[in-house]
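**Student:** data_23.pdb is reproduced in full below (PDB, C-alpha atoms).
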ATOM      1  CA  MET I   1      85.454   1.411  25.865
ATOM      2  CA  ALA I   2      83.746   0.754  22.525
ATOM      3  CA  LYS I   3      83.197   3.746  20.295
ATOM      4  CA  MET I   4      79.574   4.812  19.961
ATOM      5  CA  SER I   5      77.895   3.954  16.665
ATOM      6  CA  PHE I   6      76.415   6.596  14.390
ATOM      7  CA  ALA I   7      72.901   5.557  15.413
ATOM      8  CA  ASP I   8      73.733   5.724  19.124
ATOM      9  CA  ARG I   9      75.219   9.216  18.790
ATOM     10  CA  LEU I  10      72.147  10.299  16.856
ATOM     11  CA  LYS I  11      69.826   9.035  19.585
ATOM     12  CA  ARG I  12      71.887  10.766  22.265
ATOM     13  CA  LEU I  13      71.764  14.028  20.296
ATOM     14  CA  PHE I  14      67.958  13.976  20.170
ATOM     15  CA  GLY I  15      67.802  13.168  23.867
ATOM     16  CA  GLY I  16      69.854  16.142  24.927
ATOM     17  CA  LYS I  17      69.141  19.166  22.731
ATOM     18  CA  SER I  18      66.389  21.201  21.150
ATOM     19  CA  GLU I  19      66.740  21.556  17.379
ATOM     20  CA  ASP I  20      68.588  24.863  17.298
ATOM     21  CA  ASP I  21      71.809  25.874  15.508
ATOM     22  CA  ASP I  22      73.926  23.992  18.070
ATOM     23  CA  PHE I  23      71.893  20.851  17.415
ATOM     24  CA  PHE I  24      72.561  21.001  13.677
ATOM     25  CA  ASP I  25      76.244  21.817  14.260
ATOM     26  CA  GLU I  26      76.571  18.691  16.372
ATOM     27  CA  LEU I  27      74.682  16.677  13.764
ATOM     28  CA  THR I  28      77.275  17.856  11.221
ATOM     29  CA  ASP I  29      80.076  16.639  13.521
ATOM     30  CA  ILE I  30      78.372  13.263  13.903
ATOM     31  CA  LEU I  31      78.139  12.876  10.123
ATOM     32  CA  ILE I  32      81.808  13.785   9.722
ATOM     33  CA  GLU I  33      82.808  11.188  12.335
ATOM     34  CA  ALA I  34      80.663   8.666  10.454
ATOM     35  CA  ASP I  35      82.935   9.232   7.416
ATOM     36  CA  VAL I  36      80.432  11.187   5.369
ATOM     37  CA  GLY I  37      83.126  13.843   4.871
ATOM     38  CA  ALA I  38      83.138  17.479   5.958
ATOM     39  CA  LYS I  39      81.892  19.029   2.703
ATOM     40  CA  ASN I  40      79.059  16.535   2.291
ATOM     41  CA  ALA I  41      78.120  16.681   5.966
ATOM     42  CA  VAL I  42      77.762  20.470   5.855
ATOM     43  CA  GLU I  43      75.717  20.389   2.642
ATOM     44  CA  ILE I  44      73.407  17.604   3.868
ATOM     45  CA  VAL I  45      72.773  19.269   7.227
ATOM     46  CA  ASP I  46      72.244  22.698   5.629
ATOM     47  CA  ALA I  47      69.588  21.188   3.343
ATOM     48  CA  LEU I  48      68.072  19.323   6.284
ATOM     49  CA  GLN I  49      67.932  22.430   8.464
ATOM     50  CA  LYS I  50      66.379  24.479   5.650
ATOM     51  CA  LYS I  51      63.700  21.833   5.065
ATOM     52  CA  CYS I  52      62.888  21.635   8.781
ATOM     53  CA  ARG I  53      62.444  25.410   8.995
ATOM     54  CA  GLU I  54      60.398  25.735   5.808
ATOM     55  CA  ASP I  55      58.043  22.867   6.651
ATOM     56  CA  ARG I  56      58.151  23.429  10.429
ATOM     57  CA  LEU I  57      59.343  19.895  11.064
ATOM     58  CA  SER I  58      60.839  18.819  14.375
ATOM     59  CA  GLY I  59      61.390  15.778  16.516
ATOM     60  CA  GLU I  60      63.501  12.662  16.106
ATOM     61  CA  ASP I  61      61.153  10.846  13.720
ATOM     62  CA  ALA I  62      60.888  13.782  11.312
ATOM     63  CA  VAL I  63      64.599  14.635  11.262
ATOM     64  CA  VAL I  64      65.748  11.020  10.937
ATOM     65  CA  SER I  65      63.229  10.508   8.134
ATOM     66  CA  LEU I  66      64.684  13.473   6.252
ATOM     67  CA  LEU I  67      68.215  12.219   6.861
ATOM     68  CA  ARG I  68      67.178   8.829   5.535
ATOM     69  CA  GLU I  69      65.782  10.447   2.353
ATOM     70  CA  HIS I  70      69.045  12.301   1.814
ATOM     71  CA  PHE I  71      71.117   9.149   2.269
ATOM     72  CA  LEU I  72      68.928   7.180  -0.129
ATOM     73  CA  THR I  73      69.441   9.789  -2.850
ATOM     74  CA  CYS I  74      73.210   9.348  -2.453
ATOM     75  CA  VAL I  75      73.711   5.596  -2.316
ATOM     76  CA  LYS I  76      72.371   3.263  -4.999
ATOM     77  CA  GLY I  77      72.553  -0.460  -5.608
ATOM     78  CA  VAL I  78      73.365  -2.215  -8.874
ATOM     79  CA  ASP I  79      72.679  -5.770 -10.013
ATOM     80  CA  LEU I  80      75.646  -7.595 -11.539
ATOM     81  CA  THR I  81      74.390 -10.639 -13.417
ATOM     82  CA  PRO I  82      76.670 -12.200 -16.049
ATOM     83  CA  GLU I  83      75.037 -12.774 -19.420
ATOM     84  CA  PRO I  84      74.682 -16.492 -20.189
ATOM     85  CA  GLY I  85      76.608 -17.910 -23.132
ATOM     86  CA  LYS I  86      78.898 -14.866 -23.316
ATOM     87  CA  VAL I  87      82.369 -13.939 -22.088
ATOM     88  CA  ASN I  88      81.852 -11.767 -19.014
ATOM     89  CA  ILE I  89      84.863 -10.193 -17.327
ATOM     90  CA  TYR I  90      84.664  -8.587 -13.892
ATOM     91  CA  MET I  91      87.929  -6.853 -13.035
ATOM     92  CA  LEU I  92      88.368  -6.507  -9.281
ATOM     93  CA  LEU I  93      90.318  -3.439  -8.215
ATOM     94  CA  GLY I  94      91.498  -2.135  -4.873
ATOM     95  CA  VAL I  95      94.543  -1.459  -2.756
ATOM     96  CA  ASN I  96      96.374  -4.281  -1.019
ATOM     97  CA  GLY I  97      94.804  -5.392   2.232
ATOM     98  CA  VAL I  98      91.172  -4.434   1.584
ATOM     99  CA  GLY I  99      90.040  -8.037   1.072
ATOM    100  CA  LYS I 100      90.087  -8.023  -2.730
ATOM    101  CA  THR I 101      91.212 -11.624  -3.270
ATOM    102  CA  THR I 102      88.843 -12.935  -0.605
ATOM    103  CA  SER I 103      86.006 -10.963  -2.193
ATOM    104  CA  ALA I 104      86.895 -12.532  -5.552
ATOM    105  CA  ALA I 105      86.569 -15.970  -3.966
ATOM    106  CA  LYS I 106      83.199 -15.073  -2.437
ATOM    107  CA  LEU I 107      81.968 -13.886  -5.815
ATOM    108  CA  ALA I 108      83.280 -17.089  -7.415
ATOM    109  CA  LYS I 109      81.273 -19.125  -4.914
ATOM    110  CA  LEU I 110      78.161 -16.972  -5.336
ATOM    111  CA  TYR I 111      78.136 -17.125  -9.132
ATOM    112  CA  SER I 112      79.143 -20.805  -9.274
ATOM    113  CA  ASP I 113      76.179 -21.613  -7.054
ATOM    114  CA  ARG I 114      73.981 -19.920  -9.668
ATOM    115  CA  GLY I 115      75.272 -22.361 -12.289
ATOM    116  CA  ILE I 116      77.674 -19.906 -13.941
ATOM    117  CA  LYS I 117      81.028 -21.259 -15.128
ATOM    118  CA  VAL I 118      83.594 -19.158 -13.293
ATOM    119  CA  ILE I 119      87.298 -18.769 -14.048
ATOM    120  CA  MET I 120      89.525 -16.814 -11.676
ATOM    121  CA  SER I 121      92.378 -14.872 -13.254
ATOM    122  CA  ALA I 122      95.424 -14.392 -10.994
ATOM    123  CA  SER I 123      96.271 -11.029 -12.532
ATOM    124  CA  ASP I 124      98.171  -9.680  -9.519
ATOM    125  CA  THR I 125     101.471 -11.103 -10.765
ATOM    126  CA  PHE I 126     103.595  -8.933  -8.469
ATOM    127  CA  ARG I 127     102.705 -10.579  -5.149
ATOM    128  CA  ALA I 128     103.393 -14.288  -4.745
ATOM    129  CA  ALA I 129     100.965 -14.332  -1.827
ATOM    130  CA  ALA I 130      98.148 -13.097  -4.073
ATOM    131  CA  VAL I 131      98.674 -15.883  -6.630
ATOM    132  CA  ASP I 132      98.999 -18.504  -3.889
ATOM    133  CA  GLN I 133      95.871 -17.202  -2.155
ATOM    134  CA  ILE I 134      93.685 -17.227  -5.251
ATOM    135  CA  SER I 135      95.008 -20.692  -6.180
ATOM    136  CA  MET I 136      94.042 -21.967  -2.723
ATOM    137  CA  HIS I 137      90.549 -20.503  -3.082
ATOM    138  CA  GLY I 138      90.217 -22.072  -6.508
ATOM    139  CA  GLU I 139      91.095 -25.518  -5.145
ATOM    140  CA  ARG I 140      88.658 -25.203  -2.247
ATOM    141  CA  LEU I 141      85.828 -23.992  -4.480
ATOM    142  CA  GLY I 142      86.521 -26.263  -7.428
ATOM    143  CA  VAL I 143      86.964 -23.192  -9.635
ATOM    144  CA  ARG I 144      89.565 -23.012 -12.384
ATOM    145  CA  VAL I 145      92.386 -20.508 -11.845
ATOM    146  CA  VAL I 146      94.433 -19.153 -14.760
ATOM    147  CA  LYS I 147      97.880 -17.964 -13.650
ATOM    148  CA  HIS I 148     101.291 -17.160 -15.103
ATOM    149  CA  GLN I 149     104.770 -16.887 -13.626
ATOM    150  CA  MET I 150     105.438 -14.185 -11.069
ATOM    151  CA  GLY I 151     106.323 -10.867 -12.657
ATOM    152  CA  SER I 152     104.661 -11.694 -15.961
ATOM    153  CA  ASP I 153     102.291  -9.353 -17.787
ATOM    154  CA  PRO I 154      98.982  -9.278 -15.835
ATOM    155  CA  GLY I 155      97.112  -8.389 -19.021
ATOM    156  CA  ALA I 156      98.285 -11.632 -20.595
ATOM    157  CA  VAL I 157      96.703 -13.567 -17.733
ATOM    158  CA  VAL I 158      93.356 -11.880 -18.378
ATOM    159  CA  PHE I 159      93.777 -12.561 -22.099
ATOM    160  CA  ASP I 160      94.288 -16.300 -21.508
ATOM    161  CA  ALA I 161      91.466 -16.494 -18.942
ATOM    162  CA  ALA I 162      89.080 -14.858 -21.429
ATOM    163  CA  ASP I 163      90.117 -17.333 -24.144
ATOM    164  CA  ALA I 164      89.505 -20.221 -21.732
ATOM    165  CA  CYS I 165      86.085 -18.753 -20.921
ATOM    166  CA  ARG I 166      85.162 -18.506 -24.607
ATOM    167  CA  ALA I 167      86.393 -22.056 -25.240
ATOM    168  CA  GLN I 168      84.019 -23.413 -22.585
ATOM    169  CA  GLY I 169      81.053 -21.633 -24.153
ATOM    170  CA  GLY I 170      81.026 -18.503 -22.015
ATOM    171  CA  GLY I 171      80.874 -17.728 -18.325
ATOM    172  CA  LEU I 172      82.564 -15.297 -15.983
ATOM    173  CA  VAL I 173      86.207 -14.301 -15.562
ATOM    174  CA  LEU I 174      86.961 -12.777 -12.157
ATOM    175  CA  ALA I 175      90.263 -10.942 -12.532
ATOM    176  CA  ASP I 176      92.191 -10.148  -9.353
ATOM    177  CA  THR I 177      94.541  -7.197  -9.929
ATOM    178  CA  ALA I 178      97.432  -5.509  -8.142
ATOM    179  CA  GLY I 179      96.736  -2.551  -5.903
ATOM    180  CA  ARG I 180      99.980  -0.801  -5.088
ATOM    181  CA  LEU I 181      99.046   2.828  -4.552
ATOM    182  CA  GLN I 182     102.585   3.664  -3.407
ATOM    183  CA  ASN I 183     103.419   4.335  -7.046
ATOM    184  CA  LYS I 184     100.146   5.705  -8.319
ATOM    185  CA  GLU I 185     101.347   6.475 -11.846
ATOM    186  CA  HIS I 186     102.712   2.961 -12.383
ATOM    187  CA  LEU I 187      99.531   1.392 -10.987
ATOM    188  CA  VAL I 188      97.277   3.532 -13.172
ATOM    189  CA  ASN I 189      99.285   2.728 -16.316
ATOM    190  CA  GLU I 190      99.204  -0.989 -15.485
ATOM    191  CA  LEU I 191      95.450  -0.932 -14.930
ATOM    192  CA  LYS I 192      94.854   0.911 -18.190
ATOM    193  CA  LYS I 193      96.706  -1.844 -20.070
ATOM    194  CA  ILE I 194      94.652  -4.579 -18.404
ATOM    195  CA  ASP I 195      91.509  -2.535 -18.985
ATOM    196  CA  LYS I 196      92.223  -2.326 -22.710
ATOM    197  CA  ILE I 197      92.706  -6.089 -22.997
ATOM    198  CA  ALA I 198      89.650  -6.960 -20.887
ATOM    199  CA  ARG I 199      87.468  -4.567 -22.870
ATOM    200  CA  ALA I 200      88.585  -6.183 -26.127
ATOM    201  CA  LYS I 201      88.147  -9.771 -24.911
ATOM    202  CA  ALA I 202      84.760  -9.486 -23.187
ATOM    203  CA  ASP I 203      81.541  -9.566 -25.172
ATOM    204  CA  GLU I 204      79.769  -6.250 -25.597
ATOM    205  CA  GLY I 205      78.269  -4.974 -22.358
ATOM    206  CA  CYS I 206      79.796  -7.849 -20.370
ATOM    207  CA  TYR I 207      82.837  -6.096 -18.880
ATOM    208  CA  LYS I 208      82.599  -4.540 -15.418
ATOM    209  CA  LYS I 209      85.186  -2.792 -13.246
ATOM    210  CA  ILE I 210      84.507  -3.354  -9.564
ATOM    211  CA  LEU I 211      86.310  -1.627  -6.708
ATOM    212  CA  VAL I 212      86.678  -3.446  -3.395
ATOM    213  CA  ILE I 213      86.920  -1.114  -0.403
ATOM    214  CA  ASP I 214      87.308  -1.778   3.309
ATOM    215  CA  ALA I 215      84.372  -0.522   5.400
ATOM    216  CA  THR I 216      86.689   0.301   8.302
ATOM    217  CA  THR I 217      88.961   2.720   6.405
ATOM    218  CA  GLY I 218      86.568   5.657   6.158
ATOM    219  CA  GLN I 219      87.715   8.561   4.018
ATOM    220  CA  ASN I 220      90.697   6.540   2.732
ATOM    221  CA  ALA I 221      88.135   4.432   0.868
ATOM    222  CA  VAL I 222      86.775   7.583  -0.760
ATOM    223  CA  ARG I 223      90.248   8.614  -1.933
ATOM    224  CA  GLN I 224      90.822   5.120  -3.334
ATOM    225  CA  ALA I 225      87.552   5.312  -5.251
ATOM    226  CA  GLU I 226      88.621   8.634  -6.740
ATOM    227  CA  VAL I 227      91.970   7.224  -7.934
ATOM    228  CA  PHE I 228      90.562   4.070  -9.506
ATOM    229  CA  HIS I 229      87.522   5.822 -10.989
ATOM    230  CA  GLU I 230      89.775   8.398 -12.639
ATOM    231  CA  ALA I 231      92.048   5.630 -13.966
ATOM    232  CA  VAL I 232      89.533   3.273 -15.577
ATOM    233  CA  GLY I 233      85.986   4.334 -14.662
ATOM    234  CA  LEU I 234      84.237   2.150 -12.084
ATOM    235  CA  ASP I 235      80.959   0.309 -12.562
ATOM    236  CA  ALA I 236      80.372  -0.873  -8.993
ATOM    237  CA  ILE I 237      81.630  -1.117  -5.433
ATOM    238  CA  VAL I 238      82.019  -4.161  -3.199
ATOM    239  CA  LEU I 239      82.185  -3.168   0.470
ATOM    240  CA  ALA I 240      84.355  -5.640   2.369
ATOM    241  CA  LYS I 241      84.646  -6.107   6.154
ATOM    242  CA  TYR I 242      81.198  -4.672   6.715
ATOM    243  CA  ASP I 243      78.761  -5.361   9.514
ATOM    244  CA  SER I 244      75.863  -3.312  10.797
ATOM    245  CA  THR I 245      78.065  -1.595  13.400
ATOM    246  CA  ALA I 246      80.410  -0.156  10.762
ATOM    247  CA  LYS I 247      80.098   3.596  10.300
ATOM    248  CA  GLY I 248      79.387   3.207   6.604
ATOM    249  CA  GLY I 249      79.458   6.876   5.683
ATOM    250  CA  CYS I 250      82.093   6.323   2.997
ATOM    251  CA  LEU I 251      79.427   4.879   0.678
ATOM    252  CA  ILE I 252      77.311   8.003   1.126
ATOM    253  CA  THR I 253      80.284  10.136   0.048
ATOM    254  CA  ILE I 254      81.275   7.880  -2.858
ATOM    255  CA  GLY I 255      77.702   7.844  -4.127
ATOM    256  CA  ARG I 256      77.213  11.576  -3.688
ATOM    257  CA  GLU I 257      80.525  12.670  -5.230
ATOM    258  CA  LEU I 258      81.264   9.939  -7.779
ATOM    259  CA  ALA I 259      77.823   8.355  -8.423
ATOM    260  CA  ILE I 260      79.289   4.823  -8.253
ATOM    261  CA  PRO I 261      76.652   2.241  -7.282
ATOM    262  CA  VAL I 262      77.215  -0.609  -4.819
ATOM    263  CA  ALA I 263      76.855  -4.249  -5.825
ATOM    264  CA  TYR I 264      77.707  -6.335  -2.747
ATOM    265  CA  LEU I 265      78.425  -6.219   0.979
ATOM    266  CA  CYS I 266      80.843  -8.712   2.533
ATOM    267  CA  THR I 267      79.765  -9.400   6.094
ATOM    268  CA  GLY I 268      82.240 -12.021   7.344
ATOM    269  CA  GLU I 269      85.204 -14.230   6.478
ATOM    270  CA  LYS I 270      83.427 -17.287   5.058
ATOM    271  CA  TYR I 271      82.567 -17.773   1.395
ATOM    272  CA  PRO I 272      78.784 -17.339   1.863
ATOM    273  CA  ASP I 273      79.295 -14.063   3.768
ATOM    274  CA  ILE I 274      78.402 -11.855   0.824
ATOM    275  CA  GLU I 275      75.033 -10.364  -0.077
ATOM    276  CA  PRO I 276      73.595  -8.126  -2.797
ATOM    277  CA  PHE I 277      73.548  -4.515  -1.697
ATOM    278  CA  ASN I 278      70.183  -3.139  -0.644
ATOM    279  CA  ALA I 279      70.227   0.627  -0.127
ATOM    280  CA  ASP I 280      67.159   0.628   2.108
ATOM    281  CA  ARG I 281      68.587  -2.018   4.461
ATOM    282  CA  TYR I 282      71.977  -0.333   4.485
ATOM    283  CA  VAL I 283      70.607   3.063   5.428
ATOM    284  CA  SER I 284      68.262   1.506   7.995
ATOM    285  CA  ALA I 285      71.226  -0.262   9.625
ATOM    286  CA  MET I 286      73.220   2.964   9.661
ATOM    287  CA  LEU I 287      70.354   4.868  11.305
ATOM    288  CA  ALA I 288      69.230   1.844  13.325
ATOM    289  CA  SER I 289      65.724   2.588  12.064
TER     290      SER I 289
END
Translate the structure described by the file into structure tokens.

**Tutor:**
Amino acid sequence: MAKMSFADRLKRLFGGKSEDDDFFDELTDILIEADVGAKNAVEIVDALQKKCREDRLSGEDAVVSLLREHFLTCVKGVDLTPEPGKVNIYMLLGVNGVGKTTSAAKLAKLYSDRGIKVIMSASDTFRAAAVDQISMHGERLGVRVVKHQMGSDPGAVVFDAADACRAQGGGLVLADTAGRLQNKEHLVNELKKIDKIARAKADEGCYKKILVIDATTGQNAVRQAEVFHEAVGLDAIVLAKYDSTAKGGCLITIGRELAIPVAYLCTGEKYPDIEPFNADRYVSAMLAS
């Protein structure tokens, strides 16, 4: 039996209870199950309940409208547009298995279609599969891939990709990085080295650090955001493996606790299945409103 969506549980809640303390307790549980997180769920519902009492608001339309307002204050979009004629570097971060390399390929397709010269940097030099995968995407998309031997310094790959970008008159380097959280300290140190090189090689204001998270992993995605944000400071999120039935609450938590905006949603497996993030559409899909 398929698990009920957040919106379906919300509708069932309004159909079965008056808006008393039990109602708001159950609403808190629904938010927690939607991956908003216990602390945030309690705080959001407490504020919601207080507002309803003060303004004497009741009914599904009023409560959902307030919930929508709360969500929209938490989650924000950001536009990532490379500056023409400059060296732009977007470093893609994330743990293995979230769809990072595939997201890099989708971004390569998206920006190439806009007329931007894209170079993909195979900076995950620890997994042969990652280098092979990004090379395959590069061939299919007609996008140049800069790569070194396995086990080589990933920062050196970014360095060479940035030089190639400058030599062609500017464009965008999409750097795919390793994501082995098993050894957090080693990963963080490695990322800091790449970060230092990318910051030095990109033109001013043209370097972005983008975390790819999996929409199906819930609170694990929040923990990942915390680790990577602490390590290098994140500029944006790409939400992979998302469709309108995903619970989606992890973005509410990430926005509320870490204030990291969202750039793109990946909605399928094909290259065109990526779209700029729109907070209003996202929240509407979550609430089915």

**Student:** Run the PyMOL selection byres ((chain I and resi 256-271) around 9) against the file shown and list the residues it catches, as a ChimeraX atom specification.

**Tutor:** /I:40,71,73-80,102-103,105-110,210,225-226,229,234-244,251-255,272-279

**Student:** Between CA of Asp22 (chain I) and CA of Ala288 (chain I), what is the distance, to one decimal in Å?

**Tutor:** 23.1 Å

**Student:** Taking the file as shown, find all residues satisfying the PyMOL selection byres ((chain I and resi 48-52) around 9) and write them as JSON, numbers by chain.

**Tutor:** {"I": [21, 24, 43, 44, 45, 46, 47, 53, 54, 55, 56, 57, 58, 62, 63, 66, 67, 70]}

**Student:** Figure out the distance between CA of Leu13 (chain I) and CA of Asp61 (chain I), please, to one decimal in Å.

**Tutor:**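 CA of Leu13 (chain I) lies at a distance of 12.9 Å from CA of Asp61 (chain I).
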
**Student:** At a cut-off of 7 Å around the point (92.4, -7.9, -11.8) (file coordinates), what residues fall inside when counting all atoms listed in the file? I'd like the answer as a VMD selection string.

**Tutor:** chain I and resid 91 to 93 123 to 124 175 to 178

**Student:** Which is closest to Thr216 (chain I) among I:Gly155, I:Gly99, I:Gly115, I:Gly179, if we use only C-alpha atoms?

**Tutor:** I:Gly99

**Student:** Show me, as a compact mmCIF listing (two decimals) with C-alpha atoms, in the coordinates of the input, the residues that have an atom within 12 Å of Glu83 (chain I) when counting all atoms listed in the file, minus same-chain residues fewer than 4 positions from it.

**Tutor:**
# COMPACT_ATOMS: atom_id res chain seq x y z
CA ASP I 79 72.68 -5.77 -10.01
CA VAL I 87 82.37 -13.94 -22.09
CA ASN I 88 81.85 -11.77 -19.01
CA ILE I 89 84.86 -10.19 -17.33
CA TYR I 90 84.66 -8.59 -13.89
CA TYR I 111 78.14 -17.12 -9.13
CA GLY I 115 75.27 -22.36 -12.29
CA ILE I 116 77.67 -19.91 -13.94
CA LYS I 117 81.03 -21.26 -15.13
CA GLY I 169 81.05 -21.63 -24.15
CA GLY I 170 81.03 -18.50 -22.02
CA GLY I 171 80.87 -17.73 -18.32
CA LEU I 172 82.56 -15.30 -15.98
CA VAL I 173 86.21 -14.30 -15.56
CA ALA I 202 84.76 -9.49 -23.19
CA ASP I 203 81.54 -9.57 -25.17
CA GLU I 204 79.77 -6.25 -25.60
CA GLY I 205 78.27 -4.97 -22.36
CA CYS I 206 79.80 -7.85 -20.37
CA TYR I 207 82.84 -6.10 -18.88
CA LYS I 208 82.60 -4.54 -15.42

**Student:** So the first atom is CA of Asp113 (chain I) and the second is CA of Ser135 (chain I); what is the distance between them in Å, to one decimal place?

**Tutor:**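 We find that CA of Asp113 (chain I) and CA of Ser135 (chain I) lie 18.9 Å from each other.
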
**Student:** Might you spell out which residues the PyMOL selection byres ((chain I and resi 37) around 10) would select in the displayed file, as a list in words?

**Tutor:**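 After applying the PyMOL selection byres ((chain I and resi 37) around 10), what remains is Thr28, Asp29, Leu31, Ile32, Glu33, Ala34, Asp35, Val36, Ala38, Lys39, Asn40, Ala41, Val42, Gly218, Gln219, Val222, Gly249, Cys250, Ile252, Thr253 and Ile254 of chain I.
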
**Student:** Please give the centre and size of the box around region 111-128 of chain I (axis-aligned, containing every atom listed in the file, 5 Å added per side), with values in Å to one decimal and written as lines of an AutoDock Vina configuration file.

**Tutor:**
center_x = 88.8
center_y = -15.6
center_z = -9.9
size_x = 39.6
size_y = 23.4
size_z = 20.4

**Student:** Find the residues near Ala128 (chain I): any atom within 12 Å, counting all atoms listed in the file, skip ones fewer than 5 places away on the same chain, and give them as a list in words.

**Tutor:**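 Once the nearby chain positions are removed, what remains is Ala122, Ser123, Gln133, Ile134, Ser135, Lys147, His148, Gln149, Met150, Gly151, Ser152 and Ala178 of chain I.
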
**Student:** Would you write out those residues with C-alpha atoms, as a PDB file, in the frame of the given file?

**Tutor:**
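Result saved to again.pdb:
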ATOM      1  CA  ALA I 122      95.424 -14.392 -10.994  1.00  0.00           C
ATOM      2  CA  SER I 123      96.271 -11.029 -12.532  1.00  0.00           C
ATOM      3  CA  GLN I 133      95.871 -17.202  -2.155  1.00  0.00           C
ATOM      4  CA  ILE I 134      93.685 -17.227  -5.251  1.00  0.00           C
ATOM      5  CA  SER I 135      95.008 -20.692  -6.180  1.00  0.00           C
ATOM      6  CA  LYS I 147      97.880 -17.964 -13.650  1.00  0.00           C
ATOM      7  CA  HIS I 148     101.291 -17.160 -15.103  1.00  0.00           C
ATOM      8  CA  GLN I 149     104.770 -16.887 -13.626  1.00  0.00           C
ATOM      9  CA  MET I 150     105.438 -14.185 -11.069  1.00  0.00           C
ATOM     10  CA  GLY I 151     106.323 -10.867 -12.657  1.00  0.00           C
ATOM     11  CA  SER I 152     104.661 -11.694 -15.961  1.00  0.00           C
ATOM     12  CA  ALA I 178      97.432  -5.509  -8.142  1.00  0.00           C
TER      13      ALA I 178
END
